[in-house]
>>> print(open('target_13.cif').read())   # mmCIF, C-alpha atoms
data_query
#
loop_
_atom_site.label_atom_id
_atom_site.label_comp_id
_atom_site.auth_asym_id
_atom_site.auth_seq_id
_atom_site.Cartn_x
_atom_site.Cartn_y
_atom_site.Cartn_z
CA MET A 134 11.85 -38.34 4.65
CA SER A 135 11.17 -37.96 0.94
CA GLN A 136 7.87 -38.69 -0.71
CA THR A 137 8.18 -41.43 -3.37
CA SER A 138 6.19 -41.41 -6.60
CA SER A 139 3.97 -44.18 -5.22
CA GLU A 140 3.40 -42.35 -1.94
CA VAL A 141 0.89 -39.68 -2.90
CA VAL A 142 -0.79 -37.84 -0.03
CA GLN A 143 -3.96 -36.05 -1.05
CA THR A 144 -4.21 -33.26 1.51
CA THR A 145 -5.99 -29.94 1.05
CA THR A 146 -6.72 -26.99 3.27
CA LYS A 147 -9.17 -24.09 2.95
CA LEU A 148 -7.71 -20.76 3.90
CA LYS A 149 -9.31 -17.34 4.01
CA ALA A 150 -8.23 -13.91 5.17
CA ILE A 151 -10.93 -11.43 6.15
CA TYR A 152 -10.09 -7.73 6.28
CA ALA A 153 -12.24 -5.13 7.99
CA LEU A 154 -12.18 -1.83 6.12
CA SER A 155 -12.67 1.68 7.42
CA PRO A 156 -16.03 2.95 6.13
CA PRO A 157 -16.34 6.58 5.02
CA LEU A 158 -16.40 9.00 7.96
CA ARG A 159 -18.31 12.26 8.25
CA ILE A 160 -15.10 14.22 7.80
CA ASP A 161 -14.33 12.47 4.50
CA SER A 162 -15.02 14.21 1.23
CA GLU A 163 -17.85 13.18 -1.05
CA SER A 164 -15.23 11.92 -3.52
CA ALA A 165 -13.75 9.56 -0.94
CA SER A 166 -17.18 8.22 -0.04
CA ASN A 167 -18.06 7.71 -3.70
CA LEU A 168 -14.80 5.84 -4.32
CA TYR A 169 -15.45 3.57 -1.34
CA HIS A 170 -18.85 2.58 -2.76
CA LYS A 171 -17.50 2.35 -6.31
CA PHE A 172 -14.94 -0.19 -5.13
CA PHE A 173 -17.68 -2.52 -3.93
CA GLU A 174 -19.60 -2.04 -7.15
CA ASP A 175 -16.47 -3.00 -9.06
CA LEU A 176 -16.17 -6.05 -6.83
CA GLY A 177 -19.80 -7.03 -7.39
CA SER A 178 -18.70 -10.37 -8.82
CA LYS A 179 -15.92 -12.58 -7.54
CA ARG A 180 -12.47 -11.52 -8.68
CA THR A 181 -9.25 -13.50 -8.72
CA ILE A 182 -5.60 -12.51 -8.68
CA PRO A 183 -2.60 -14.76 -9.28
CA ILE A 184 -0.48 -15.61 -6.28
CA ARG A 185 3.04 -14.28 -6.77
CA ASP A 186 6.42 -15.04 -5.23
CA SER A 187 5.11 -18.16 -3.47
CA PHE A 188 7.46 -21.04 -2.75
CA THR A 189 4.95 -23.69 -3.75
CA HIS A 190 1.75 -22.01 -5.02
CA ASN A 191 3.05 -19.44 -7.48
CA GLY A 192 0.48 -18.74 -10.22
CA GLU A 193 -2.49 -20.28 -8.40
CA LEU A 194 -5.53 -18.04 -8.06
CA LEU A 195 -6.68 -16.22 -4.95
CA ALA A 196 -10.39 -15.35 -4.91
CA ILE A 197 -11.48 -11.93 -3.63
CA THR A 198 -15.03 -11.26 -2.47
CA ALA A 199 -16.71 -8.34 -0.72
CA ARG A 200 -19.27 -9.51 1.85
CA PRO A 201 -21.43 -7.81 4.50
CA CYS A 202 -19.99 -8.24 7.98
CA THR A 203 -22.21 -10.60 9.96
CA ALA A 204 -23.09 -10.23 13.62
CA SER A 205 -21.02 -13.33 14.36
CA GLN A 206 -17.97 -11.97 12.51
CA LYS A 207 -18.26 -8.62 14.27
CA LYS A 208 -18.39 -10.28 17.69
CA ARG A 209 -15.74 -12.97 17.07
CA HIS A 210 -13.22 -11.18 14.90
CA PHE A 211 -13.77 -7.44 14.72
CA SER A 212 -14.98 -6.32 18.12
CA LYS A 213 -11.99 -3.94 18.31
CA SER A 214 -12.87 -2.18 15.05
CA PRO A 215 -14.72 0.91 16.35
CA PHE A 216 -16.19 2.08 13.03
CA LEU A 217 -17.07 -1.29 11.46
CA GLN A 218 -20.75 -2.05 11.91
CA ILE A 219 -22.77 -5.18 11.18
CA GLY A 220 -23.63 -5.06 7.48
CA ASP A 221 -20.57 -3.03 6.49
CA ARG A 222 -18.48 -4.72 3.81
CA VAL A 223 -15.42 -6.78 4.61
CA LEU A 224 -12.93 -8.03 2.05
CA GLU A 225 -12.31 -11.77 1.90
CA PHE A 226 -9.38 -13.53 0.22
CA SER A 227 -9.79 -17.29 -0.10
CA ALA A 228 -8.49 -20.40 -1.81
CA THR A 229 -8.24 -24.14 -1.35
CA PHE A 230 -4.68 -25.41 -1.48
CA ALA A 231 -3.33 -28.90 -2.03
CA PHE A 232 -0.19 -30.04 -0.26
CA PRO A 233 2.45 -30.02 -3.00
CA GLY A 234 4.42 -32.98 -1.63
CA GLN A 235 7.76 -33.17 0.11
CA GLU A 236 9.70 -32.85 -3.12
CA ARG A 237 8.40 -29.30 -3.49
CA PHE A 238 7.79 -28.27 0.13
CA PHE A 239 10.61 -28.89 2.57
CA LEU A 240 12.71 -27.16 5.20
CA VAL A 241 16.48 -26.66 5.14
CA ASP A 242 19.03 -26.01 7.88
CA GLN A 243 21.62 -23.22 8.01
CA THR A 244 23.91 -25.11 5.63
CA GLY A 245 21.15 -25.51 3.05
CA ALA A 246 20.74 -29.23 3.71
CA ARG A 247 17.19 -30.56 3.70
CA ILE A 248 15.78 -31.35 7.15
CA SER A 249 14.30 -34.81 7.52
CA ARG A 250 10.59 -34.62 8.38
CA THR A 251 7.73 -37.10 8.40
CA ILE A 252 4.96 -36.50 5.90
CA GLU A 253 2.68 -35.42 8.76
CA GLN A 254 5.24 -32.92 10.02
CA SER A 255 5.76 -31.53 6.53
CA ILE A 256 2.01 -31.05 6.08
CA ALA A 257 1.81 -29.25 9.42
CA ASP A 258 4.75 -27.01 8.43
CA TRP A 259 3.10 -26.24 5.11
CA ARG A 260 -0.22 -25.34 6.70
CA SER A 261 1.39 -23.07 9.29
CA SER A 262 3.34 -21.15 6.63
CA LEU A 263 0.52 -20.55 4.12
CA SER A 264 -0.51 -17.13 5.40
CA LEU A 265 3.09 -15.88 5.20
CA ASP A 266 3.32 -17.31 1.69
CA LEU A 267 0.32 -15.23 0.57
CA GLU A 268 1.12 -12.01 2.38
CA LEU A 269 3.15 -10.38 -0.40
CA THR A 270 0.38 -10.89 -2.96
CA ILE A 271 -2.32 -9.52 -0.64
CA GLN A 272 -0.32 -6.50 0.49
CA SER A 273 0.63 -5.68 -3.12
CA PHE A 274 -3.08 -5.85 -3.98
CA PHE A 275 -3.87 -3.36 -1.22
CA CYS A 276 -1.09 -1.13 -2.57
CA ALA A 277 -2.80 -1.19 -5.97
CA LEU A 278 -6.15 -0.38 -4.31
CA ALA A 279 -4.61 2.68 -2.63
CA ILE A 280 -3.66 4.00 -6.07
CA ALA A 281 -6.84 2.97 -7.88
CA TYR A 282 -9.25 4.28 -5.24
CA GLU A 283 -7.14 7.17 -3.95
CA GLY A 284 -6.68 5.86 -0.43
CA ALA A 285 -10.38 5.22 0.20
CA ILE A 286 -9.88 1.47 0.85
CA ARG A 287 -8.20 1.21 4.24
CA PRO A 288 -7.85 -2.09 6.13
CA THR A 289 -8.20 -1.69 9.88
CA GLN A 290 -8.04 -5.28 11.16
CA ASN A 291 -7.78 -8.79 9.75
CA VAL A 292 -8.12 -12.43 10.68
CA TRP A 293 -7.04 -15.69 9.04
CA ILE A 294 -9.33 -18.73 9.14
CA GLN A 295 -8.06 -22.17 8.20
CA ASP A 296 -10.46 -25.09 7.72
CA GLY A 297 -13.09 -23.25 9.75
CA SER A 298 -10.88 -22.36 12.71
CA GLU A 299 -9.37 -18.96 13.46
CA TYR A 300 -5.74 -19.14 12.55
CA GLY A 301 -4.43 -15.79 13.69
CA THR A 302 -3.60 -12.48 12.07
CA ASP A 303 -0.82 -11.25 9.85
CA ARG A 304 0.83 -7.86 9.68
CA LEU A 305 -1.52 -5.01 8.89
CA TYR A 306 -0.04 -2.19 6.84
CA LEU A 307 -1.18 1.37 7.54
CA SER A 308 -0.48 4.62 5.74
CA GLU A 309 -1.30 8.33 5.56
CA ILE A 310 -2.40 8.06 1.92
CA HIS A 311 -6.10 8.73 2.56
CA GLU A 312 -5.38 11.80 4.69
CA SER A 313 -2.90 13.08 2.09
CA ILE A 314 -5.36 12.92 -0.77
CA GLU A 315 -8.07 14.53 1.36
CA PHE A 316 -5.59 17.36 2.08
CA LEU A 317 -5.03 17.92 -1.65
CA ARG A 318 -8.77 17.76 -2.34
CA GLU A 319 -9.37 20.51 0.19
CA LYS A 320 -6.97 22.64 -1.85
CA ASN A 321 -8.57 21.63 -5.18
CA ALA A 322 -5.23 20.07 -6.05
CA PHE A 323 -6.12 16.47 -6.88
CA PRO A 324 -7.41 16.39 -10.48
CA GLU A 325 -9.53 13.41 -11.45
CA LEU A 326 -8.14 10.71 -13.74
CA ASP A 327 -10.22 7.79 -14.97
CA LEU A 328 -8.45 4.59 -13.93
CA LYS A 329 -9.86 1.07 -14.02
CA LEU A 330 -9.00 -1.38 -11.25
CA ASN A 331 -7.70 -4.05 -13.62
CA LYS A 332 -5.31 -1.60 -15.23
CA VAL A 333 -3.85 -0.55 -11.88
CA ILE A 334 -3.51 -4.12 -10.60
CA ASN A 335 -1.87 -5.33 -13.79
CA TRP A 336 0.52 -2.39 -13.85
CA THR A 337 1.44 -2.69 -10.18
CA PHE A 338 1.99 -6.44 -10.34
CA ALA A 339 4.13 -6.07 -13.48
CA GLN A 340 6.68 -3.64 -12.01
CA ASN A 341 10.14 -4.91 -11.20
CA GLY A 342 10.92 -4.79 -7.51
CA ILE A 343 7.39 -5.64 -6.41
CA PHE A 344 7.68 -9.42 -6.53
CA ASP A 345 11.24 -9.97 -7.71
CA GLY A 346 14.40 -8.15 -8.67
CA TYR A 347 14.85 -4.42 -8.32
CA SER A 348 13.19 -1.46 -9.99
CA ASP A 349 14.40 -0.82 -13.54
CA THR A 350 12.49 2.27 -14.69
CA PRO A 351 11.65 5.64 -13.12
CA ALA A 352 8.04 4.52 -12.74
CA SER A 353 8.89 1.22 -11.03
CA ARG A 354 11.36 3.05 -8.80
CA ALA A 355 8.66 5.53 -7.79
CA LEU A 356 6.26 2.67 -7.03
CA ASN A 357 8.79 0.89 -4.85
CA TYR A 358 9.43 4.11 -2.94
CA PHE A 359 5.65 4.39 -2.58
CA THR A 360 5.48 1.00 -0.85
CA ARG A 361 7.72 2.44 1.91
CA LEU A 362 4.73 4.53 3.00
CA PHE A 363 2.96 1.40 4.29
CA VAL A 364 3.96 0.60 7.88
CA ASN A 365 2.88 -1.76 10.66
CA ASN A 366 2.45 1.10 13.12
CA TYR A 367 2.07 4.78 12.40
CA ARG A 368 5.49 6.41 12.59
CA ASN A 369 6.02 8.91 15.36
CA ASP A 370 8.59 10.98 13.53
CA GLU A 371 8.56 14.07 11.38
CA LEU A 372 10.58 12.94 8.41
CA SER A 373 10.26 9.35 7.16
CA ASP A 374 7.14 9.59 5.00
CA LEU A 375 8.25 12.94 3.58
CA VAL A 376 11.62 11.50 2.54
CA TRP A 377 10.11 8.43 0.86
CA ALA A 378 7.40 10.43 -0.90
CA LEU A 379 9.78 13.07 -2.24
CA ALA A 380 12.14 10.31 -3.39
CA GLY A 381 9.28 8.77 -5.38
CA ILE A 382 8.38 12.13 -6.93
CA GLU A 383 12.02 12.82 -7.81
CA ALA A 384 12.35 9.37 -9.40
CA LEU A 385 9.77 10.48 -11.96
CA LEU A 386 10.58 14.15 -12.38
CA VAL A 387 14.17 15.00 -11.47
CA GLU A 388 17.12 14.76 -13.83
CA GLY A 389 20.63 14.79 -12.39
CA GLY A 390 22.64 17.96 -12.22
CA ARG A 391 19.78 20.38 -11.74
CA SER A 392 17.86 21.77 -8.78
CA SER A 393 15.27 19.28 -7.55
CA MET A 394 13.02 22.03 -6.23
CA GLY A 395 13.23 23.98 -9.46
CA GLN A 396 12.50 20.93 -11.57
CA LEU A 397 9.48 20.04 -9.47
CA ARG A 398 8.08 23.55 -9.83
CA GLU A 399 8.51 23.48 -13.59
CA LYS A 400 7.32 19.96 -14.25
CA LEU A 401 4.42 19.71 -11.81
CA GLY A 402 3.33 23.12 -13.03
CA ALA A 403 3.45 21.90 -16.62
CA LEU A 404 1.60 18.65 -15.90
CA PHE A 405 -1.20 20.27 -13.92
CA VAL A 406 -1.20 23.81 -15.29
CA ASP A 407 -4.99 23.94 -15.70
CA THR A 408 -5.96 22.04 -12.55
CA ILE A 409 -3.72 23.12 -9.64
CA ASP A 410 -3.11 26.69 -8.47
CA PHE A 411 0.54 27.34 -9.30
CA PRO A 412 1.38 29.82 -6.48
CA TRP A 413 0.06 27.35 -3.91
CA LEU A 414 1.88 24.46 -5.60
CA SER A 415 5.14 26.40 -5.69
CA LYS A 416 4.86 27.33 -2.01
CA MET A 417 4.17 23.73 -0.94
CA ILE A 418 7.17 22.46 -2.93
CA ALA A 419 9.41 25.08 -1.30
CA ASP A 420 8.06 24.34 2.19
CA SER A 421 8.51 20.58 1.79
CA TYR A 422 12.08 20.87 0.55
CA SER A 423 12.97 23.44 3.18
CA PHE A 424 11.64 21.23 5.97
CA ARG A 425 13.42 18.13 4.64
CA SER A 426 16.70 20.01 4.19
CA ARG A 427 16.72 21.51 7.68
CA MET A 428 15.93 18.15 9.27
CA VAL A 429 18.49 16.18 7.24
CA HIS A 430 21.27 18.74 7.74
CA GLY A 431 20.60 19.26 11.44
CA ASP A 432 19.52 22.89 11.09
CA ARG A 433 16.10 22.63 12.75
CA GLN A 434 15.58 23.11 16.49
CA ILE A 435 13.78 20.08 17.92
CA ARG A 436 12.93 18.62 21.32
CA SER A 437 13.58 15.22 22.87
CA PHE A 438 11.87 12.23 21.27
CA PHE A 439 10.83 11.22 24.79
CA ARG A 440 8.57 14.28 24.89
CA SER A 441 6.68 13.17 21.78
CA HIS A 442 3.47 12.83 23.80
CA GLU A 443 3.39 16.62 24.25
CA GLU A 444 1.29 18.66 21.86
CA GLU A 445 3.23 20.43 19.13
CA SER A 446 2.69 24.11 18.36
CA LYS A 447 0.21 24.63 15.53
CA LYS A 448 2.74 26.41 13.31
CA ARG A 449 5.33 23.64 13.56
CA PHE A 450 2.70 20.90 13.30
CA ASP A 451 1.22 22.42 10.13
CA GLU A 452 4.68 22.80 8.57
CA GLU A 453 5.58 19.18 9.25
CA TYR A 454 2.26 17.48 8.63
CA ASN A 455 1.20 19.50 5.60
CA SER A 456 4.58 18.96 3.91
CA GLN A 457 4.22 15.23 4.46
CA LEU A 458 0.62 15.14 3.22
CA PHE A 459 1.46 17.23 0.16
CA ALA A 460 4.35 14.97 -0.89
CA ILE A 461 2.43 11.73 -0.39
CA GLY A 462 -0.61 13.01 -2.27
CA MET A 463 1.53 14.27 -5.14
CA LEU A 464 3.24 10.90 -5.46
CA VAL A 465 -0.15 9.15 -5.70
CA LEU A 466 -1.25 11.67 -8.32
CA LEU A 467 1.90 11.10 -10.39
CA LEU A 468 1.56 7.31 -10.18
CA ARG A 469 -2.03 7.57 -11.38
CA PHE A 470 -0.84 9.82 -14.21
CA VAL A 471 1.82 7.38 -15.51
CA ILE A 472 -0.51 4.37 -15.13
CA SER A 473 -3.30 6.10 -17.04
CA ARG A 474 -0.92 6.68 -19.94
CA ASP A 475 1.04 3.40 -19.75
CA LEU A 476 4.28 5.27 -19.16
CA THR A 477 7.54 4.07 -17.62
CA GLU A 478 9.09 7.53 -17.44
CA LEU A 479 8.30 11.17 -18.11
CA HIS A 480 10.18 13.37 -20.59
CA PHE A 481 9.94 17.15 -20.77
CA ASN A 482 11.05 19.62 -23.45
CA THR A 483 11.82 23.24 -22.80
CA VAL A 484 9.83 25.53 -25.09
CA PHE A 485 10.89 29.14 -25.62
CA LYS A 486 8.19 31.65 -26.42
CA GLY A 487 9.48 34.93 -27.79
#
>>> encode(input="target_13.cif", output="structure tokens")
Amino acid sequence: MSQTSSEVVQTTTKLKAIYALSPPLRIDSESASNLYHKFFEDLGSKRTIPIRDSFTHNGELLAITARPCTASQKKRHFSKSPFLQIGDRVLEFSATFAFPGQERFFLVDQTGARISRTIEQSIADWRSSLSLDLELTIQSFFCALAIAYEGAIRPTQNVWIQDGSEYGTDRLYLSEIHESIEFLREKNAFPELDLKLNKVINWTFAQNGIFDGYSDTPASRALNYFTRLFVNNYRNDELSDLVWALAGIEALLVEGGRSSMGQLREKLGALFVDTIDFPWLSKMIADSYSFRSRMVHGDRQIRSFFRSHEEESKKRFDEEYNSQLFAIGMLVLLLRFVISRDLTELHFNTVFKG
């Protein structure tokens, strides 16, 4: 059933998504703790972001507020969050939406033909799909936060509330970004760059491939590889994150026809010559590429996946985990570098000194 111009249904719904965040832990560095608190200072006043890639609400504003977790919220929504305490901050996304009418919101069958629905059914369909319609914008925002605050902002659980009633949860994306940056900090290999939140959000949201199309520059390609590091459940394999992270690094640094490992040594060394110990950097690049190569080409002795619950030897664990952490952390560092300088790609010149 179509809605005629004289049949205007004024229907609105209030929707909010509340995300519990992991507070700083005792094992975290002082830098990570400072970034966590800086984020909430930066969010001292209400912030809005435009909704993107929405079927019916594209361009409308989504409000973002940091609030202390109440005793009621902790008991009702976040009882399974072991580190979240009453008074810790939670991140709230909210907006009031108006039903756009059946001319703009409708369902189609497999042939593309519009399915006949009553106005009440259409409104119910619209309400039930709103959280899915907003997910891309929210997850892309969290991706930008991971870059801006170096992995310190980590969602651990979330809940959707519609018109005062709990609506359910959506997919929660996890990553090893925080652990990777902490690994680099321990090695004094994560130089500080001053980046403002607005700059990172605007840059992230503007890259092709994030909301539409495909990547079209080395920087946008690296960012889209970076998004592959966010998963619904932590991966129980030795290779995936390393492959995606190295692909993102290579998108920015590697030119065809030359050794990837050699180019990374030269270019990362040139970019961070005064801030990262080169012998350590060179060794980590070699270890990461060696591990990836032996896994991809079937030259590494492994055991059955069904024995994954068994503890790995320290030597093998360090080789695998440290290579992964190094590559992820380096990709974050490079993304921060190009964003800070408004770059879409990096060019290098060879200089001969006689």
>>> atom_distance(input="target_13.cif", atom1="CA of Ala322 in chain A", atom2="CA of Phe173 in chain A")
25.9 Å
>>> closest_residue(input="target_13.cif", among="A:Trp259, A:Phe188, A:Phe239, A:Tyr152", to="Asp221 in chain A", atoms="all atoms listed in the file")
A:Tyr152
>>> residues_near_point(input="target_13.cif", point="(-7.8, 13.9, 0.7)", cutoff="12 Å", atoms="only C-alpha atoms", output="JSON list (two decimals) with C-alpha atoms, in the coordinates of the input")
[["chain", "number", "residue", "atom", "x", "y", "z"],
["A", 160, "ILE", "CA", -15.10, 14.22, 7.80],
["A", 161, "ASP", "CA", -14.33, 12.47, 4.50],
["A", 162, "SER", "CA", -15.02, 14.21, 1.23],
["A", 163, "GLU", "CA", -17.85, 13.18, -1.05],
["A", 164, "SER", "CA", -15.23, 11.92, -3.52],
["A", 165, "ALA", "CA", -13.75, 9.56, -0.94],
["A", 166, "SER", "CA", -17.18, 8.22, -0.04],
["A", 168, "LEU", "CA", -14.80, 5.84, -4.32],
["A", 282, "TYR", "CA", -9.25, 4.28, -5.24],
["A", 283, "GLU", "CA", -7.14, 7.17, -3.95],
["A", 284, "GLY", "CA", -6.68, 5.86, -0.43],
["A", 285, "ALA", "CA", -10.38, 5.22, 0.20],
["A", 309, "GLU", "CA", -1.30, 8.33, 5.56],
["A", 310, "ILE", "CA", -2.40, 8.06, 1.92],
["A", 311, "HIS", "CA", -6.10, 8.73, 2.56],
["A", 312, "GLU", "CA", -5.38, 11.80, 4.69],
["A", 313, "SER", "CA", -2.90, 13.08, 2.09],
["A", 314, "ILE", "CA", -5.36, 12.92, -0.77],
["A", 315, "GLU", "CA", -8.07, 14.53, 1.36],
["A", 316, "PHE", "CA", -5.59, 17.36, 2.08],
["A", 317, "LEU", "CA", -5.03, 17.92, -1.65],
["A", 318, "ARG", "CA", -8.77, 17.76, -2.34],
["A", 319, "GLU", "CA", -9.37, 20.51, 0.19],
["A", 320, "LYS", "CA", -6.97, 22.64, -1.85],
["A", 321, "ASN", "CA", -8.57, 21.63, -5.18],
["A", 322, "ALA", "CA", -5.23, 20.07, -6.05],
["A", 323, "PHE", "CA", -6.12, 16.47, -6.88],
["A", 324, "PRO", "CA", -7.41, 16.39, -10.48],
["A", 455, "ASN", "CA", 1.20, 19.50, 5.60],
["A", 458, "LEU", "CA", 0.62, 15.14, 3.22],
["A", 459, "PHE", "CA", 1.46, 17.23, 0.16],
["A", 461, "ILE", "CA", 2.43, 11.73, -0.39],
["A", 462, "GLY", "CA", -0.61, 13.01, -2.27],
["A", 463, "MET", "CA", 1.53, 14.27, -5.14],
["A", 465, "VAL", "CA", -0.15, 9.15, -5.70],
["A", 466, "LEU", "CA", -1.25, 11.67, -8.32]]
>>> resolve_selection(input="target_13.cif", expression="the PyMOL selection byres ((chain A and resi 265-278) around 10)", output="VMD selection string")
chain A and resid 150 172 182 to 191 195 197 226 259 261 to 264 279 to 288 303 to 306 330 to 338 343 to 344 356 359 to 360 362 to 363
>>> residues_around(input="target_13.cif", residues="range 395-400 of chain A", least_positions_apart="6", cutoff="7 Å", atoms="all atoms listed in the file", output="number ranges by chain")
A: 386-387, 415
>>> atom_distance(input="target_13.cif", atom1="CA of Gln218 in chain A", atom2="CA of Cys202 in chain A")
7.4 Å
>>> residues_near_point(input="target_13.cif", point="(-11.9, -30.9, 6.1)", cutoff="10 Å", atoms="all atoms listed in the file", output="PyMOL selection string")
chain A and resi 144-147+295-297
